[in-house]
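Let me begin by presenting the structure, written as structure tokens, before commenting on it.
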Number of protein chains: 2
Amino acid sequence: MQSDKEVTIYDIAAELNISAGTVSRGLKDHPAISKKTKKKINDVAMVMGYRSNTFASNLRSKRSNTIGVIIPRMNSNFMSSVIAGMEKVANEASYNLIISQSLESAQKEIMNVKTMFNNRVDGLMISLAYDTDDVSHFDILLKKGIPLVFFDRVLEHPLCTNIIIDNKKAAYEATKHLIEQGCKNIIHITGPLARNVYSERFLGYRSALQDFGLEFHDANMMITKLDEQAGIYTAEKIIQMNPRPDGVFVANDSCAVMCMSVLKHSGIRIPDDIAFIGFNNDPISRVIEPNLSTINYPGFEMGEIAASKLIGHLNKERNINVTNSITLRSELIVRASSVRI
Amino acid sequence: MQSDKEVTIYDIAAELNISAGTVSRGLKDHPAISKKTKKKINDVAMVMGYRSNTFASNLRSKRSNTIGVIIPRMNSNFMSSVIAGMEKVANEASYNLIISQSLESAQKEIMNVKTMFNNRVDGLMISLAYDTDDVSHFDILLKKGIPLVFFDRVLEHPLCTNIIIDNKKAAYEATKHLIEQGCKNIIHITGPLARNVYSERFLGYRSALQDFGLEFHDANMMITKLDEQAGIYTAEKIIQMNPRPDGVFVANDSCAVMCMSVLKHSGIRIPDDIAFIGFNNDPISRVIEPNLSTINYPGFEMGEIAASKLIGHLNKERNINVTNSITLRSELIVRASSVRI
DNA sequence: CTGTTAGCGCTTTCAT
DNA sequence: ATGAAAGCGCTAACAG
């Protein structure tokens with residue numbers, strides 16, 4: 001069990017009879033070092049089994065080369081796509097990603113931010129938890145000029161960039177589609193309206209109803225956690241409703257699918273009795289029978305763009321804070337669950 | 001935009017007229033510091049907005065307090081459960097987790113290991129990619145006494161601990177169940193046999209066939225990537241088979257579900273024509289109609305145990321390497337997709 | 001193009 | 001129970 005001492009730049013320097021500074025520069029491909037010396041340095045480093053000490057490097061340079069990501073939960077295809085997109089861009093720019101989950105709790109989100117701060121991330125990307133209501137926990141970062149990018153569940157903040165889709169428009173189209181299929185009594189199952197994604201979708205839904213001469217009733221809104229439990233619960237509610245709705249627009253696919261499932265078991269026919277449309281284009285939407293109409297949400301692209309925007313900030317001076325939002329395109333996908341004509 | 005200088009232990013020491021060493025100890029709750037001094041230190045630290053510099057700390061102490069995790073893909077309920085379990089245990093022991101995906105590629109896995117090594121993780125937990133065939137890339141870690149724990153997709157290694165389930169037994173029971181339901185011609189859809197999970201499941205499947213007097217044919221095995229594509233592809237194969245199988249045991253739920261879906265659309269009745277059983281107890285197994293029988297796989301628990309085992313190693317001397325494997329219990333879950341009697 | 005130098009902020013042994 | 005002192009390995013300003 002050989003416990004070989006760590007090789008340092010000094011060992012390399014000694015081996016080559018040059019200075020540690022030169023070795024440091026050579027390893028980083030600094031322009032002011034001759035090709036010849038660089039090659040010698042890298043060769044010797046390789047032979048000696050050198051690995052750079054990030055701690056020393058970070059300590060000295062005051063940068064961690066790490067980007068933090070805080071998401072509500074890593075449980076959907078959408079989120080893993082987002083992360084994959086971020087990882088791609090971050091790796092190409094040789095940043096590391098550290099990911100943590102708020103589990104939809106503001107409390108945990110605050111803890112996560114603190115941890116990220118203490119880990120000295122160079123920047124942070126975040127999608128807010130359900131019940132985050134103030135955002136003062138980000139101040140410690142902003143005060144130090146650490147850039148923040150919000151994606152999906154965002155917040156208008158004078159110092160931050162947002163990456164979003166047009167949720168209102170997408171919801172409008174979804175609702176309009178149901179109306180065009182003959183639905184007259186459409187309910188909307190969604191999440192906490194404090195989050196932009198849900199409030200915007202609500203606005204789109206309501207606006208479509210109005211534009212097509214349908215009335216909106218408060219009783220046709222169901223605010224839930226949008227998880228599987230909620231799918232079951234809302235299905236039971238729907239069964240008890242009188243009159244029953246003939247169309248349901250759900251703000252995410254996994255909840256929609258559970259809801260459909262329960263309704264089917266109780267003998268309700270989809271789409272004939274009730275038409276359904278979800279949101280996110282999760283693979284599960286193509287498993288449920290009939291396949292679920294939905295809104296395609298470009299997760300991977302969102303991840304890529306969030307990361308490249310953040311890295312853009314990082315490469316300019318601190319405190320530059322170009323505060324524009326970027327809106328990606330989403331798209332209605334029509335499947336059997338909503339086709340009645 | 002105030003750009004306040006970072007507060008260091010020296011600032012706290014100066015404020016209190018004590019030494020930096022005492023501050024360092026006080027902050028870490030060292031036993032040899034009086035309660036009174038500790039309180040003063042912590043109060044002042046709080047007021048001054050001190051945050052410890054992990055780089056300096058790690059540099060000095062030569063530990064990162066970070067555990068690496070390499071998984072094939074973060075796309076299943078099983079994997080997110082594993083990670084959640086790990087996170088819980090790691091956080092409680094105040095370790096950080098850094099997670100990366102091999103995307104089923106040995107190449108990428110090797111890169112990931114290098115990154116982890118350069119990030120100086122204190123330990124590593126890993127589930128192997130499909131095509132990892134030698135494991136010399138772990139030697140750099142082992143040579144330095146950095147402990148390794150394999151979970152799920154493991155490898156017999158004299159220096160490492162494995163956390164697994166009894167895949168052979170689980171597969172045996174799954175197959176036996178199909179046989180008991182009257183299936184006479186059962187095929188098995190699985191992943192690369194180089195991975196223990198698939199080779200063991202194969203052995204269980206074959207052994208059950210033998211025990212119940214059914215013949216095993218090579219042609220009844222389909223080795224795939226077990227992704228959604230594979231589900232579609234194998235369904236098409238099954239449709240062309242003559243005679244058709246009357247039972248299918250698939251080594252994961254998401255592939256099983258896609259396969260069922262395609263078969264259903266081509267008019268094959270499940271379970272009457274073909275009975276199905278999957279593996280993992282993914283939520284999707286309760287969405288497909290008929291609900292998919294499966295094997296419950298304790299992901300969260302696996303994560304917890306892997307992490308606590310690793311942290312156990314970390315807290316003892318390096319190079320202790322207790323090489324026992326831990327086998328968790330899995331469980332057959334019977335649903336409509338396999339019930340024919 | 002390369003060398004010298006002075007720390008980055010913390011931990012820890014050895015004293016006292 | 002506390003202090004003093006010596007670096008951990010690296011970077012970057014400055015000098016040549």
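Ligands are numbered from 1 in the order shown, residues from 1 within each chain, and chains are lettered A, B, ... in the order they appear in the structure tokens.
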For chain A, report every residue with an atom at most 12 Å from chain D (counting only C-alpha atoms (C1' of nucleotides)), formatted as JSON, numbers by chain. {"A": [6, 7, 8, 9, 10, 11, 20, 21, 22, 23, 24, 25, 27, 28, 51, 52, 53, 54, 55, 56, 57, 58, 59, 60, 61, 62, 63]}
With chain B as the partner and 10 Å as the cut-off, tabulate the residues of chain C that qualify, each row holding the nearest pair of atoms and their distance in Å to one decimal, using only C-alpha atoms (C1' of nucleotides), sorted by chain and rising number, as JSON lines.
{"residue": "C:DC8", "atom": "C1'", "partner": "B:Ala56", "partner_atom": "CA", "distance": 7.7}
{"residue": "C:DG9", "atom": "C1'", "partner": "B:Ala56", "partner_atom": "CA", "distance": 5.1}
{"residue": "C:DC10", "atom": "C1'", "partner": "B:Ser57", "partner_atom": "CA", "distance": 4.9}
{"residue": "C:DT11", "atom": "C1'", "partner": "B:Arg60", "partner_atom": "CA", "distance": 5.9}
{"residue": "C:DT12", "atom": "C1'", "partner": "B:Gly21", "partner_atom": "CA", "distance": 8.6}
Could you list, as an MDAnalysis selection string, every residue of chain A that has an atom within 8 Å of an atom of chain B, counting only C-alpha atoms? chainID A and resid 1:4 51:56 58:59 74:77 80 98:99 118:119 143:145 257:258 261 284 287:289
Any idea what's packed within 10 Å of Lys225 of chain B, counting only C-alpha atoms (C1' of nucleotides), ignoring anything in its chain fewer than 3 positions away? Could you give it as a ChimeraX atom specification? /B:104,130,189-192,222,228-231,255
What separation in Å, quoted to one decimal, exists between atom CA of Thr161 of chain A and atom CA of Tyr95 of chain A? 19.2 Å
Which of segment 55-262 of chain B DSSP labels helix (DSSP H, G or I), written as a VMD selection string: chain B and resid 55 to 61 77 to 92 106 to 118 136 to 143 167 to 180 196 to 211 218 to 220 228 to 240 253 to 262
Export of prior selection with C-alpha atoms as a compact mmCIF listing (two decimals), in the first residue's frame:
# COMPACT_ATOMS: atom_id res chain seq x y z
CA PHE B 55 -10.11 26.27 0.39
CA ALA B 56 -7.71 27.27 3.09
CA SER B 57 -9.15 24.70 5.42
CA ASN B 58 -8.96 21.91 2.89
CA LEU B 59 -5.51 22.91 1.80
CA ARG B 60 -4.28 22.74 5.31
CA SER B 61 -6.14 19.67 6.47
CA ASN B 77 -37.05 7.14 -10.00
CA PHE B 78 -34.70 4.50 -8.67
CA MET B 79 -31.64 6.69 -9.14
CA SER B 80 -33.17 9.80 -7.66
CA SER B 81 -34.18 7.76 -4.64
CA VAL B 82 -30.64 6.46 -4.27
CA ILE B 83 -29.25 9.97 -4.46
CA ALA B 84 -31.81 11.25 -1.97
CA GLY B 85 -30.74 8.54 0.48
CA MET B 86 -27.10 9.39 0.02
CA GLU B 87 -27.74 13.07 0.45
CA LYS B 88 -29.56 12.53 3.68
CA VAL B 89 -26.75 10.53 5.27
CA ALA B 90 -23.98 12.69 3.84
CA ASN B 91 -25.56 15.92 5.02
CA GLU B 92 -26.06 14.55 8.49
CA ALA B 106 -16.87 3.76 -19.88
CA GLN B 107 -15.01 6.59 -21.55
CA LYS B 108 -16.98 9.22 -19.72
CA GLU B 109 -16.78 7.22 -16.51
CA ILE B 110 -13.00 7.33 -16.69
CA MET B 111 -13.14 11.08 -17.15
CA ASN B 112 -15.50 11.39 -14.21
CA VAL B 113 -13.18 9.43 -11.98
CA LYS B 114 -10.30 11.70 -12.94
CA THR B 115 -12.36 14.78 -12.20
CA MET B 116 -13.35 13.36 -8.84
CA PHE B 117 -9.73 12.53 -8.12
CA ASN B 118 -8.61 16.03 -9.02
CA SER B 136 -8.04 0.16 -13.61
CA HIS B 137 -9.26 3.75 -13.64
CA PHE B 138 -10.07 3.34 -9.96
CA ASP B 139 -6.50 2.47 -9.10
CA ILE B 140 -5.43 6.08 -8.67
CA LEU B 141 -7.99 6.40 -5.91
CA LEU B 142 -7.24 3.10 -4.25
CA LYS B 143 -3.52 3.71 -4.33
CA ASN B 167 -30.78 -10.04 -8.27
CA LYS B 168 -30.76 -13.73 -8.96
CA LYS B 169 -33.36 -14.46 -6.35
CA ALA B 170 -35.56 -11.56 -7.43
CA ALA B 171 -35.42 -12.71 -11.04
CA TYR B 172 -36.11 -16.25 -10.01
CA GLU B 173 -39.24 -15.17 -8.21
CA ALA B 174 -40.39 -13.00 -11.06
CA THR B 175 -39.99 -15.86 -13.52
CA LYS B 176 -41.54 -18.37 -11.17
CA HIS B 177 -44.52 -16.08 -10.81
CA LEU B 178 -45.00 -15.99 -14.57
CA ILE B 179 -44.76 -19.75 -14.71
CA GLU B 180 -47.33 -20.11 -11.98
CA ASN B 196 -23.83 -8.09 -12.42
CA VAL B 197 -27.41 -6.92 -12.23
CA TYR B 198 -28.21 -8.34 -15.63
CA SER B 199 -26.14 -11.49 -15.46
CA GLU B 200 -27.62 -12.34 -12.08
CA ARG B 201 -31.13 -11.70 -13.27
CA PHE B 202 -30.45 -13.91 -16.23
CA LEU B 203 -29.25 -16.70 -13.96
CA GLY B 204 -32.36 -16.40 -11.84
CA TYR B 205 -34.57 -16.48 -14.91
CA ARG B 206 -32.84 -19.53 -16.36
CA SER B 207 -32.79 -21.31 -13.08
CA ALA B 208 -36.52 -20.86 -12.60
CA LEU B 209 -37.20 -22.18 -16.08
CA GLN B 210 -35.15 -25.25 -15.32
CA ASP B 211 -36.71 -25.87 -11.94
CA ASP B 218 -30.80 -18.47 -26.44
CA ALA B 219 -33.31 -16.96 -28.81
CA ASN B 220 -35.48 -16.05 -25.86
CA GLU B 228 -37.43 3.45 -24.43
CA GLN B 229 -36.07 2.76 -27.88
CA ALA B 230 -35.33 -0.78 -26.79
CA GLY B 231 -38.90 -1.13 -25.60
CA ILE B 232 -40.20 -0.31 -29.06
CA TYR B 233 -37.65 -2.44 -30.83
CA THR B 234 -38.23 -5.52 -28.72
CA ALA B 235 -41.99 -5.15 -29.12
CA GLU B 236 -41.55 -5.24 -32.87
CA LYS B 237 -39.40 -8.34 -32.54
CA ILE B 238 -41.99 -10.02 -30.36
CA ILE B 239 -44.73 -9.30 -32.86
CA GLN B 240 -42.71 -11.11 -35.50
CA ASP B 253 -39.85 -0.93 -15.89
CA SER B 254 -39.43 1.90 -18.34
CA CYS B 255 -38.42 -0.47 -21.11
CA ALA B 256 -41.17 -2.92 -20.15
CA VAL B 257 -43.76 -0.18 -20.31
CA MET B 258 -42.78 0.97 -23.77
CA CYS B 259 -42.76 -2.58 -24.98
CA MET B 260 -46.23 -3.25 -23.58
CA SER B 261 -47.48 -0.07 -25.09
CA VAL B 262 -46.46 -1.02 -28.60
Straight-line distance linking atom CA of Arg244 of chain A with atom CA of Glu215 of chain A, stated in Å to one decimal: 15.1 Å
